[in-house]
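Heads up, protein29.tsv below (TSV, C-alpha atoms):
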chain	number	residue	atom	x	y	z
L	741	MET	CA	26.27	8.73	5.91
L	742	THR	CA	25.72	6.93	2.64
L	743	ARG	CA	27.16	8.66	-0.43
L	744	ARG	CA	24.23	9.67	-2.63
L	745	ARG	CA	24.22	9.53	-6.39
L	746	LEU	CA	23.14	12.62	-8.39
L	747	LEU	CA	20.31	11.92	-10.82
L	748	ASP	CA	21.04	12.60	-14.48
L	749	GLU	CA	18.80	14.78	-16.68
L	750	HIS	CA	16.83	11.83	-17.93
L	751	GLU	CA	16.12	10.55	-14.43
L	752	ILE	CA	14.95	13.98	-13.27
L	753	ASP	CA	12.63	14.25	-16.29
L	754	GLU	CA	11.17	10.85	-15.41
L	755	LEU	CA	10.64	11.87	-11.79
L	756	VAL	CA	8.86	15.08	-12.75
L	757	GLU	CA	6.67	13.23	-15.26
L	758	ALA	CA	5.72	10.61	-12.67
L	759	HIS	CA	4.84	13.31	-10.11
L	760	PRO	CA	3.39	16.34	-11.92
L	761	ARG	CA	3.25	18.47	-8.78
L	762	TRP	CA	7.05	18.64	-8.82
L	763	ARG	CA	9.38	20.62	-11.04
L	764	ARG	CA	13.08	21.25	-11.22
L	765	GLU	CA	14.33	24.67	-10.15
L	766	GLY	CA	18.10	25.00	-10.44
L	767	ASP	CA	19.73	22.23	-8.44
L	768	ARG	CA	16.65	21.29	-6.46
L	769	LEU	CA	13.07	20.05	-6.74
L	770	VAL	CA	10.13	22.22	-5.71
L	771	ALA	CA	6.42	21.59	-5.24
L	772	VAL	CA	3.37	23.36	-3.88
L	773	PHE	CA	0.51	21.65	-2.01
L	774	ASP	CA	-2.88	23.14	-1.14
L	775	PHE	CA	-5.24	21.58	1.39
L	776	ALA	CA	-8.77	22.05	2.70
L	777	ASP	CA	-7.52	24.03	5.70
L	778	PHE	CA	-4.68	24.32	8.22
L	779	THR	CA	-5.64	21.06	9.95
L	780	ALA	CA	-5.26	19.06	6.75
L	781	ALA	CA	-2.04	20.85	5.82
L	782	PHE	CA	-0.40	20.25	9.17
L	783	ALA	CA	-1.54	16.61	9.38
L	784	TRP	CA	0.08	16.03	6.00
L	785	MET	CA	3.22	17.83	7.19
L	786	THR	CA	3.32	15.42	10.13
L	787	ALA	CA	3.19	12.44	7.77
L	788	VAL	CA	5.98	14.02	5.72
L	789	ALA	CA	8.01	14.68	8.87
L	790	LEU	CA	7.74	10.97	9.74
L	791	ILE	CA	8.88	9.95	6.24
L	792	SER	CA	11.74	12.45	6.48
L	793	GLU	CA	12.93	11.03	9.77
L	794	ARG	CA	12.65	7.46	8.46
L	795	LEU	CA	14.76	8.35	5.38
L	796	ASP	CA	17.00	10.71	7.41
L	797	HIS	CA	16.37	13.34	4.72
L	798	HIS	CA	14.53	16.58	5.41
L	799	PRO	CA	13.01	19.24	3.15
L	800	ASP	CA	13.19	23.02	3.33
L	801	TRP	CA	9.54	23.90	3.56
L	802	SER	CA	7.19	26.69	4.46
L	803	ASN	CA	3.54	26.80	5.46
L	804	SER	CA	0.88	29.47	5.40
L	805	TRP	CA	-2.50	28.17	6.63
L	806	ASN	CA	-3.63	25.62	3.98
L	807	HIS	CA	-0.61	26.11	1.71
L	808	VAL	CA	2.73	24.27	1.84
L	809	GLU	CA	5.80	24.86	-0.35
L	810	VAL	CA	8.56	22.25	-0.44
L	811	ARG	CA	12.13	22.59	-1.69
L	812	LEU	CA	14.21	19.45	-1.82
L	813	SER	CA	17.81	18.65	-2.62
L	814	THR	CA	20.74	16.74	-1.18
L	815	HIS	CA	23.01	19.51	0.12
L	816	SER	CA	26.01	17.21	0.61
L	817	ALA	CA	25.81	16.11	-3.05
L	818	GLY	CA	25.04	19.56	-4.47
L	819	GLY	CA	21.90	18.55	-6.33
L	820	VAL	CA	19.03	16.12	-6.78
L	821	THR	CA	19.92	12.53	-5.88
L	822	ASP	CA	18.38	9.09	-5.61
L	823	LEU	CA	17.58	9.99	-1.99
L	824	ASP	CA	15.43	12.93	-3.12
L	825	ARG	CA	13.67	10.59	-5.54
L	826	ALA	CA	12.98	8.07	-2.77
L	827	TRP	CA	11.63	10.92	-0.61
L	828	VAL	CA	9.28	12.20	-3.35
L	829	ASP	CA	8.09	8.67	-4.14
L	830	ALA	CA	7.26	8.07	-0.46
L	831	VAL	CA	5.50	11.43	-0.01
L	832	GLU	CA	3.45	11.04	-3.20
L	833	ALA	CA	2.37	7.54	-2.11
L	834	LEU	CA	0.88	8.73	1.18
L	835	GLU	CA	-2.59	7.38	2.00
L	836	LEU	CA	-3.79	9.32	5.02
L	837	THR	CA	-7.45	8.40	5.34
L	838	PRO	CA	-8.67	5.45	7.45
L	839	ARG	CA	-8.96	2.18	5.54
L	840	THR	CA	-11.62	0.79	7.87
H	970	MET	CA	-16.88	26.44	30.43
H	971	THR	CA	-20.14	26.21	28.51
H	972	ARG	CA	-22.69	23.86	30.05
H	973	ARG	CA	-23.13	20.99	27.60
H	974	ARG	CA	-26.44	19.31	26.89
H	975	LEU	CA	-26.70	15.50	27.07
H	976	LEU	CA	-28.01	13.93	23.87
H	977	ASP	CA	-31.18	11.91	24.19
H	978	GLU	CA	-31.53	8.32	22.91
H	979	HIS	CA	-32.91	9.43	19.58
H	980	GLU	CA	-30.06	11.88	18.96
H	981	ILE	CA	-27.44	9.25	19.80
H	982	ASP	CA	-29.12	6.79	17.41
H	983	GLU	CA	-28.99	9.42	14.68
H	984	LEU	CA	-25.32	10.14	15.34
H	985	VAL	CA	-24.38	6.45	15.17
H	986	GLU	CA	-26.39	6.01	11.96
H	987	ALA	CA	-24.72	9.01	10.35
H	988	HIS	CA	-21.24	7.74	11.33
H	989	PRO	CA	-21.22	3.92	11.19
H	990	ARG	CA	-17.72	3.64	12.62
H	991	TRP	CA	-19.07	4.80	15.96
H	992	ARG	CA	-21.16	2.96	18.54
H	993	ARG	CA	-22.46	3.66	21.99
H	994	GLU	CA	-20.81	1.84	24.88
H	995	GLY	CA	-22.34	2.77	28.23
H	996	ASP	CA	-22.14	6.53	28.68
H	997	ARG	CA	-19.62	7.14	25.92
H	998	LEU	CA	-19.00	6.76	22.19
H	999	VAL	CA	-16.29	4.45	20.88
H	1000	ALA	CA	-14.74	3.88	17.45
H	1001	VAL	CA	-11.83	2.02	15.89
H	1002	PHE	CA	-9.76	3.29	12.95
H	1003	ASP	CA	-7.25	1.31	10.89
H	1004	PHE	CA	-4.74	2.94	8.55
H	1005	ALA	CA	-2.16	1.96	5.96
H	1006	ASP	CA	0.66	2.21	8.48
H	1007	PHE	CA	1.90	4.15	11.51
H	1008	THR	CA	2.61	7.28	9.45
H	1009	ALA	CA	-0.99	7.52	8.27
H	1010	ALA	CA	-2.34	6.73	11.73
H	1011	PHE	CA	-0.25	9.40	13.44
H	1012	ALA	CA	-0.92	12.04	10.78
H	1013	TRP	CA	-4.64	11.47	11.32
H	1014	MET	CA	-4.13	11.67	15.09
H	1015	THR	CA	-2.47	15.06	14.53
H	1016	ALA	CA	-5.49	16.31	12.60
H	1017	VAL	CA	-7.73	15.01	15.39
H	1018	ALA	CA	-5.53	16.70	18.01
H	1019	LEU	CA	-5.98	20.01	16.18
H	1020	ILE	CA	-9.75	19.58	16.06
H	1021	SER	CA	-9.73	18.67	19.76
H	1022	GLU	CA	-7.82	21.81	20.68
H	1023	ARG	CA	-10.10	23.96	18.53
H	1024	LEU	CA	-13.20	22.51	20.24
H	1025	ASP	CA	-11.46	22.35	23.63
H	1026	HIS	CA	-12.64	18.74	23.87
H	1027	HIS	CA	-10.25	15.80	23.95
H	1028	PRO	CA	-10.71	12.06	23.50
H	1029	ASP	CA	-9.32	9.15	25.48
H	1030	TRP	CA	-7.47	7.25	22.79
H	1031	SER	CA	-4.85	4.61	22.22
H	1032	ASN	CA	-2.61	3.71	19.31
H	1033	SER	CA	-0.76	0.59	18.28
H	1034	TRP	CA	1.06	1.04	14.95
H	1035	ASN	CA	-1.71	1.46	12.31
H	1036	HIS	CA	-4.58	1.05	14.75
H	1037	VAL	CA	-6.33	3.76	16.78
H	1038	GLU	CA	-9.13	3.32	19.33
H	1039	VAL	CA	-11.12	6.35	20.45
H	1040	ARG	CA	-13.39	6.75	23.48
H	1041	LEU	CA	-15.36	9.96	23.76
H	1042	SER	CA	-17.66	11.49	26.34
H	1043	THR	CA	-18.15	14.73	28.23
H	1044	HIS	CA	-16.90	13.90	31.71
H	1045	SER	CA	-18.38	17.05	33.29
H	1046	ALA	CA	-21.84	16.15	31.95
H	1047	GLY	CA	-21.62	12.41	32.68
H	1048	GLY	CA	-22.40	11.24	29.17
H	1049	VAL	CA	-22.58	12.00	25.47
H	1050	THR	CA	-23.38	15.64	24.69
H	1051	ASP	CA	-23.77	18.01	21.77
H	1052	LEU	CA	-20.04	18.72	22.14
H	1053	ASP	CA	-19.22	15.05	21.49
H	1054	ARG	CA	-21.46	15.18	18.44
H	1055	ALA	CA	-19.69	18.28	17.12
H	1056	TRP	CA	-16.34	16.52	17.68
H	1057	VAL	CA	-17.41	13.37	15.80
H	1058	ASP	CA	-18.89	15.43	12.96
H	1059	ALA	CA	-15.60	17.36	12.60
H	1060	VAL	CA	-13.41	14.23	12.75
H	1061	GLU	CA	-15.54	12.34	10.25
H	1062	ALA	CA	-15.43	15.29	7.83
H	1063	LEU	CA	-11.62	15.37	7.68
H	1064	GLU	CA	-10.12	15.63	4.20
H	1065	LEU	CA	-6.39	15.08	4.61
H	1066	THR	CA	-5.09	14.71	1.07
H	1067	PRO	CA	-3.87	17.67	-1.00
H	1068	ARG	CA	-6.56	19.31	-3.15
H	1069	THR	CA	-4.08	20.63	-5.68
G	1453	MET	CA	-14.55	36.87	13.06
G	1454	THR	CA	-13.72	39.22	15.92
G	1455	ARG	CA	-12.37	42.62	14.89
G	1456	ARG	CA	-8.75	42.81	16.15
G	1457	ARG	CA	-7.15	45.94	17.51
G	1458	LEU	CA	-3.75	47.06	16.11
G	1459	LEU	CA	-1.08	47.46	18.78
G	1460	ASP	CA	0.44	50.93	19.10
G	1461	GLU	CA	4.22	51.54	19.05
G	1462	HIS	CA	4.50	51.38	22.82
G	1463	GLU	CA	2.69	48.06	23.02
G	1464	ILE	CA	4.89	46.54	20.33
G	1465	ASP	CA	8.00	47.74	22.15
G	1466	GLU	CA	6.74	46.10	25.33
G	1467	LEU	CA	6.02	42.85	23.52
G	1468	VAL	CA	9.49	42.72	21.99
G	1469	GLU	CA	11.12	43.50	25.35
G	1470	ALA	CA	9.13	40.77	27.07
G	1471	HIS	CA	10.08	38.22	24.38
G	1472	PRO	CA	13.62	39.00	23.13
G	1473	ARG	CA	13.50	36.37	20.40
G	1474	TRP	CA	10.98	38.55	18.55
G	1475	ARG	CA	11.48	41.75	16.60
G	1476	ARG	CA	9.35	44.00	14.47
G	1477	GLU	CA	9.92	43.91	10.73
G	1478	GLY	CA	7.63	46.28	8.84
G	1479	ASP	CA	4.02	45.44	9.73
G	1480	ARG	CA	4.75	42.04	11.24
G	1481	LEU	CA	6.66	40.25	13.98
G	1482	VAL	CA	9.45	37.80	13.16
G	1483	ALA	CA	11.46	35.31	15.21
G	1484	VAL	CA	13.94	32.51	14.67
G	1485	PHE	CA	14.12	29.32	16.74
G	1486	ASP	CA	16.91	26.74	16.75
G	1487	PHE	CA	16.53	23.29	18.26
G	1488	ALA	CA	18.64	20.25	19.06
G	1489	ASP	CA	17.52	18.51	15.86
G	1490	PHE	CA	14.59	18.02	13.49
G	1491	THR	CA	12.64	15.97	16.03
G	1492	ALA	CA	12.70	18.78	18.59
G	1493	ALA	CA	11.92	21.41	15.94
G	1494	PHE	CA	8.91	19.53	14.60
G	1495	ALA	CA	7.55	18.62	18.04
G	1496	TRP	CA	7.64	22.32	18.92
G	1497	MET	CA	5.93	23.14	15.62
G	1498	THR	CA	3.18	20.70	16.58
G	1499	ALA	CA	2.66	22.51	19.88
G	1500	VAL	CA	2.56	25.80	18.01
G	1501	ALA	CA	0.08	24.35	15.50
G	1502	LEU	CA	-2.21	23.39	18.39
G	1503	ILE	CA	-1.99	26.88	19.88
G	1504	SER	CA	-2.68	28.36	16.44
G	1505	GLU	CA	-5.79	26.28	16.00
G	1506	ARG	CA	-6.99	27.11	19.50
G	1507	LEU	CA	-6.57	30.86	18.83
G	1508	ASP	CA	-7.71	30.52	15.20
G	1509	HIS	CA	-4.60	32.45	14.20
G	1510	HIS	CA	-1.81	30.94	12.13
G	1511	PRO	CA	1.76	32.01	11.37
G	1512	ASP	CA	3.67	32.07	8.11
G	1513	TRP	CA	6.61	29.84	8.95
G	1514	SER	CA	9.40	27.84	7.41
G	1515	ASN	CA	11.54	24.97	8.63
G	1516	SER	CA	14.90	23.60	7.63
G	1517	TRP	CA	15.98	20.67	9.83
G	1518	ASN	CA	16.50	22.15	13.35
G	1519	HIS	CA	15.72	25.73	12.32
G	1520	VAL	CA	12.32	27.46	12.29
G	1521	GLU	CA	11.50	31.00	11.13
G	1522	VAL	CA	8.18	32.55	12.07
G	1523	ARG	CA	6.45	35.61	10.59
G	1524	LEU	CA	3.30	36.79	12.31
G	1525	SER	CA	0.72	39.46	11.63
G	1526	THR	CA	-3.03	39.85	11.37
G	1527	HIS	CA	-3.63	40.12	7.62
G	1528	SER	CA	-7.23	41.35	8.00
G	1529	ALA	CA	-6.05	44.24	10.23
G	1530	GLY	CA	-2.95	45.09	8.21
G	1531	GLY	CA	-0.48	44.83	11.07
G	1532	VAL	CA	0.32	43.51	14.55
G	1533	THR	CA	-2.71	43.18	16.81
G	1534	ASP	CA	-3.70	42.00	20.26
G	1535	LEU	CA	-4.27	38.58	18.67
G	1536	ASP	CA	-0.63	38.38	17.58
G	1537	ARG	CA	0.39	39.33	21.11
G	1538	ALA	CA	-1.79	36.59	22.60
G	1539	TRP	CA	-0.24	34.12	20.15
G	1540	VAL	CA	3.34	35.11	21.04
G	1541	ASP	CA	2.55	34.99	24.77
G	1542	ALA	CA	1.13	31.48	24.41
G	1543	VAL	CA	4.01	30.21	22.28
G	1544	GLU	CA	6.66	31.66	24.57
G	1545	ALA	CA	4.96	30.08	27.61
G	1546	LEU	CA	5.16	26.55	26.19
G	1547	GLU	CA	6.44	23.87	28.60
G	1548	LEU	CA	7.01	20.77	26.54
G	1549	THR	CA	8.88	18.42	28.86
G	1550	PRO	CA	7.09	15.94	31.13
G	1551	ARG	CA	6.35	17.28	34.62
G	1552	THR	CA	6.32	13.82	36.21
E	942	MET	CA	14.16	-7.13	9.83
E	943	THR	CA	17.13	-7.41	12.17
E	944	ARG	CA	16.87	-10.16	14.75
E	945	ARG	CA	16.69	-8.47	18.14
E	946	ARG	CA	18.37	-9.80	21.27
E	947	LEU	CA	16.31	-10.18	24.47
E	948	LEU	CA	17.79	-8.30	27.43
E	949	ASP	CA	18.72	-10.42	30.44
E	950	GLU	CA	17.51	-9.63	33.97
E	951	HIS	CA	20.61	-7.63	34.81
E	952	GLU	CA	20.28	-5.46	31.71
E	953	ILE	CA	16.63	-4.73	32.42
E	954	ASP	CA	17.48	-3.76	36.01
E	955	GLU	CA	20.12	-1.37	34.68
E	956	LEU	CA	17.68	0.17	32.18
E	957	VAL	CA	15.05	0.75	34.87
E	958	GLU	CA	17.63	2.27	37.23
E	959	ALA	CA	18.89	4.61	34.51
E	960	HIS	CA	15.32	5.72	33.65
E	961	PRO	CA	13.22	5.74	36.86
E	962	ARG	CA	10.00	6.52	35.03
E	963	TRP	CA	10.08	3.03	33.58
E	964	ARG	CA	9.32	-0.33	35.18
E	965	ARG	CA	9.06	-3.90	34.05
E	966	GLU	CA	5.59	-5.39	33.84
E	967	GLY	CA	5.61	-9.00	32.64
E	968	ASP	CA	7.39	-9.16	29.30
E	969	ARG	CA	7.25	-5.45	28.57
E	970	LEU	CA	8.29	-2.03	29.86
E	971	VAL	CA	5.73	0.53	30.96
E	972	ALA	CA	5.89	4.22	31.88
E	973	VAL	CA	3.53	7.09	32.61
E	974	PHE	CA	4.14	10.72	31.59
E	975	ASP	CA	2.23	13.79	32.79
E	976	PHE	CA	2.47	17.16	31.08
E	977	ALA	CA	1.32	20.74	31.59
E	978	ASP	CA	-1.64	20.23	29.25
E	979	PHE	CA	-2.78	18.47	26.07
E	980	THR	CA	-0.59	20.66	23.86
E	981	ALA	CA	2.57	19.63	25.68
E	982	ALA	CA	1.51	15.97	25.80
E	983	PHE	CA	0.78	15.80	22.08
E	984	ALA	CA	3.94	17.70	21.07
E	985	TRP	CA	5.95	15.14	23.06
E	986	MET	CA	4.00	12.32	21.39
E	987	THR	CA	4.98	13.79	18.04
E	988	ALA	CA	8.66	13.72	19.01
E	989	VAL	CA	8.23	10.12	20.17
E	990	ALA	CA	6.46	9.23	16.91
E	991	LEU	CA	9.46	10.59	14.96
E	992	ILE	CA	11.88	8.55	17.08
E	993	SER	CA	9.68	5.48	16.60
E	994	GLU	CA	9.69	5.87	12.83
E	995	ARG	CA	13.47	6.43	12.79
E	996	LEU	CA	14.03	3.23	14.83
E	997	ASP	CA	11.19	1.40	13.06
E	998	HIS	CA	9.87	0.45	16.48
E	999	HIS	CA	6.54	1.67	17.82
E	1000	PRO	CA	4.94	1.68	21.26
E	1001	ASP	CA	1.46	0.75	22.39
E	1002	TRP	CA	0.34	3.96	24.01
E	1003	SER	CA	-2.70	5.85	25.20
E	1004	ASN	CA	-3.43	9.49	25.89
E	1005	SER	CA	-6.01	11.30	27.98
E	1006	TRP	CA	-5.52	15.08	27.91
E	1007	ASN	CA	-2.17	15.73	29.66
E	1008	HIS	CA	-1.50	12.08	30.51
E	1009	VAL	CA	0.31	9.48	28.38
E	1010	GLU	CA	0.84	5.79	29.16
E	1011	VAL	CA	3.41	3.82	27.18
E	1012	ARG	CA	3.82	0.05	26.89
E	1013	LEU	CA	6.86	-1.21	25.03
E	1014	SER	CA	8.16	-4.59	23.94
E	1015	THR	CA	9.45	-6.36	20.86
E	1016	HIS	CA	6.53	-8.56	19.82
E	1017	SER	CA	8.59	-10.61	17.38
E	1018	ALA	CA	11.11	-11.47	20.13
E	1019	GLY	CA	8.51	-12.05	22.86
E	1020	GLY	CA	9.99	-9.60	25.34
E	1021	VAL	CA	12.23	-6.63	26.04
E	1022	THR	CA	15.18	-6.35	23.65
E	1023	ASP	CA	18.11	-4.10	22.84
E	1024	LEU	CA	15.75	-2.28	20.45
E	1025	ASP	CA	13.42	-1.36	23.30
E	1026	ARG	CA	16.43	-0.12	25.25
E	1027	ALA	CA	17.55	2.06	22.32
E	1028	TRP	CA	13.99	3.44	22.07
E	1029	VAL	CA	13.80	4.31	25.79
E	1030	ASP	CA	17.28	5.87	25.68
E	1031	ALA	CA	16.27	8.07	22.73
E	1032	VAL	CA	12.92	9.10	24.25
E	1033	GLU	CA	14.45	9.92	27.64
E	1034	ALA	CA	17.15	12.05	25.94
E	1035	LEU	CA	14.61	14.31	24.20
E	1036	GLU	CA	15.29	18.06	24.46
E	1037	LEU	CA	12.21	19.80	23.10
E	1038	THR	CA	12.71	23.45	24.01
E	1039	PRO	CA	14.46	25.91	21.68
E	1040	ARG	CA	18.20	26.24	22.28
E	1041	THR	CA	18.37	29.77	20.89
Produce structure tokens that represent the structure in this file.
Amino acid sequence: MTRRRLLDEHEIDELVEAHPRWRREGDRLVAVFDFADFTAAFAWMTAVALISERLDHHPDWSNSWNHVEVRLSTHSAGGVTDLDRAWVDAVEALELTPRT
Amino acid sequence: MTRRRLLDEHEIDELVEAHPRWRREGDRLVAVFDFADFTAAFAWMTAVALISERLDHHPDWSNSWNHVEVRLSTHSAGGVTDLDRAWVDAVEALELTPRT
Amino acid sequence: MTRRRLLDEHEIDELVEAHPRWRREGDRLVAVFDFADFTAAFAWMTAVALISERLDHHPDWSNSWNHVEVRLSTHSAGGVTDLDRAWVDAVEALELTPRT
Amino acid sequence: MTRRRLLDEHEIDELVEAHPRWRREGDRLVAVFDFADFTAAFAWMTAVALISERLDHHPDWSNSWNHVEVRLSTHSAGGVTDLDRAWVDAVEALELTPRT
């Protein structure tokens, strides 16, 4: 397991500015996502699950029909790290619709 | 199991015009979808799986990384039916990105 | 939307006896599932998502790596109904491993 | 991208003996999986998708209701490599049911 580096205040501010859906809450990041319906929500969750497995970093999250809440931190580091930032960057860059 | 009605030539022409990704091939409909990467392709497949279970109608399909090929017909009816049309309409109406 | 019938005390007791993972908590059913890892947990969640879409009935649920918590009720009926029972029966009957 | 090592004949024989569902077909491995129904098949595919993303190695595969066919090779190496073996080992070790 790679040792992860905690982000400093400035880096967390930058992250939250770059991705307005996210905010800091104590020692973690939280965000809420609303979709057209359950199908869209769960398809997105599947994409996020794939990213999580690729990065070997998994959120605490909950779902209620079209609504998803995500809480993210690096437990082993006790806060928000560069790994959480990489995870948010990847999730916010998702392009799920067919290109052709 | 509801008896499904075969579409006539005119109805199939309309379907293919409404959804240009699709074409007729013998007694079935076929389409090809290309995505940004495997993650996007499989997330979309998950949405399509949910639609398929809701309609109790499932495609023959194959995937290779970002590429998905779909073949659709109603085996019990021996061709393309109103159920295939409902399936294509639902799949083509997917909105997978977060609304808020 | 079909009108759902609330289960009486006796029926809820029977449900909970038949499926020991589940218990009543106020006006809903709750259960906790632990898996080998995230992959197993999310694959199971996908099966449950498909059942939910088929029954047009969706849980409130949360996931943290290999752990899944499920809360189930029929909001429109204000409690646990025959639809929740059908959902639990279907989820508890899942057979996810290949047969051949 | 790590350079992958082609397996020799002896290693492929060992792999196929360890996992009887699999056989060699030309320069790739193939296997067929049958499940209880579409839900079980697609939940398993989701687990396999997560493994594939973790290993950054993806199959060519097709699905028809409860039936899944998988074709696996390392295109860049022109045959079956140690990466394919790691993929098959991981897929065959899947435990999808809840432990508790």
Skip Trp1474 in chain G itself and residues of its chain fewer than 6 positions away, then list as number ranges by chain all residues within 6 Å of it, counting all atoms listed in the file. G: 1468, 1482-1483
Could you name the residues that touch range 998-1003 of chain E at 8 Å or less, counting all atoms listed in the file, but leaving out those on the same chain fewer than 5 positions away, as a list in words?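 Counting only the stated atoms, we get Asp1029, Trp1030, Ser1031, Asn1032, Ser1033 and Trp1034 of chain H; Ala990, Ser993, Val1009, Glu1010, Val1011, Arg1012, Leu1013, Ser1014, Leu1024, Asp1025 and Trp1028 of chain E.
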Atomic separation - CA of Thr1526 in chain G relative to CA of Ala787 in chain L, Å: 28.3 Å
Determine, for each residue of chain E having at least one atom at most 9 Å from an atom of chain L, the closest pair of atoms and their separation in Å to one decimal, counting all atoms listed in the file; order by chain and ascending number, as CSV.
residue,atom,partner,partner_atom,distance
E:Thr987,CA,L:Thr786,CA,8.2
E:Ala990,CA,L:Leu790,CA,7.5
E:Leu991,CA,L:Leu790,CA,5.5
E:Ile992,CA,L:Glu793,CA,7.8
E:Ser993,CA,L:Arg794,CA,8.9
E:Glu994,CA,L:Arg794,CA,5.5
E:Arg995,CA,L:Arg794,CA,4.5
E:Leu996,CA,L:Arg794,CA,7.8
E:Asp997,CA,L:Arg794,CA,7.7
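CA of Phe1490 in chain G sits 23.3 Å away from CA of Asp975 in chain E.
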Computed gap from CA of Ala1034 in chain E to CA of Ala959 in chain E is 11.5 Å
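Proximity to Thr1066 in chain H at 8 Å, evaluated using all atoms listed in the file and with sequence-adjacent residues fewer than 5 positions away removed, yields Phe775, Ala780, Trp784, Glu835, Leu836 and Thr837 of chain L.
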Any idea what's packed within 12 Å of Pro989 in chain H, counting only C-alpha atoms, ignoring anything in its chain fewer than 3 positions away? Could you give it as a count of residues only? 17
With 8 Å of padding per side, what axis-aligned box (centre and edge lengths, Å, one decimal) covers all the listed atoms of range 1544-1552 of chain G? Give it as lines of an AutoDock Vina configuration file.
center_x = 6.9
center_y = 22.7
center_z = 30.4
size_x = 19.9
size_y = 33.8
size_z = 27.6
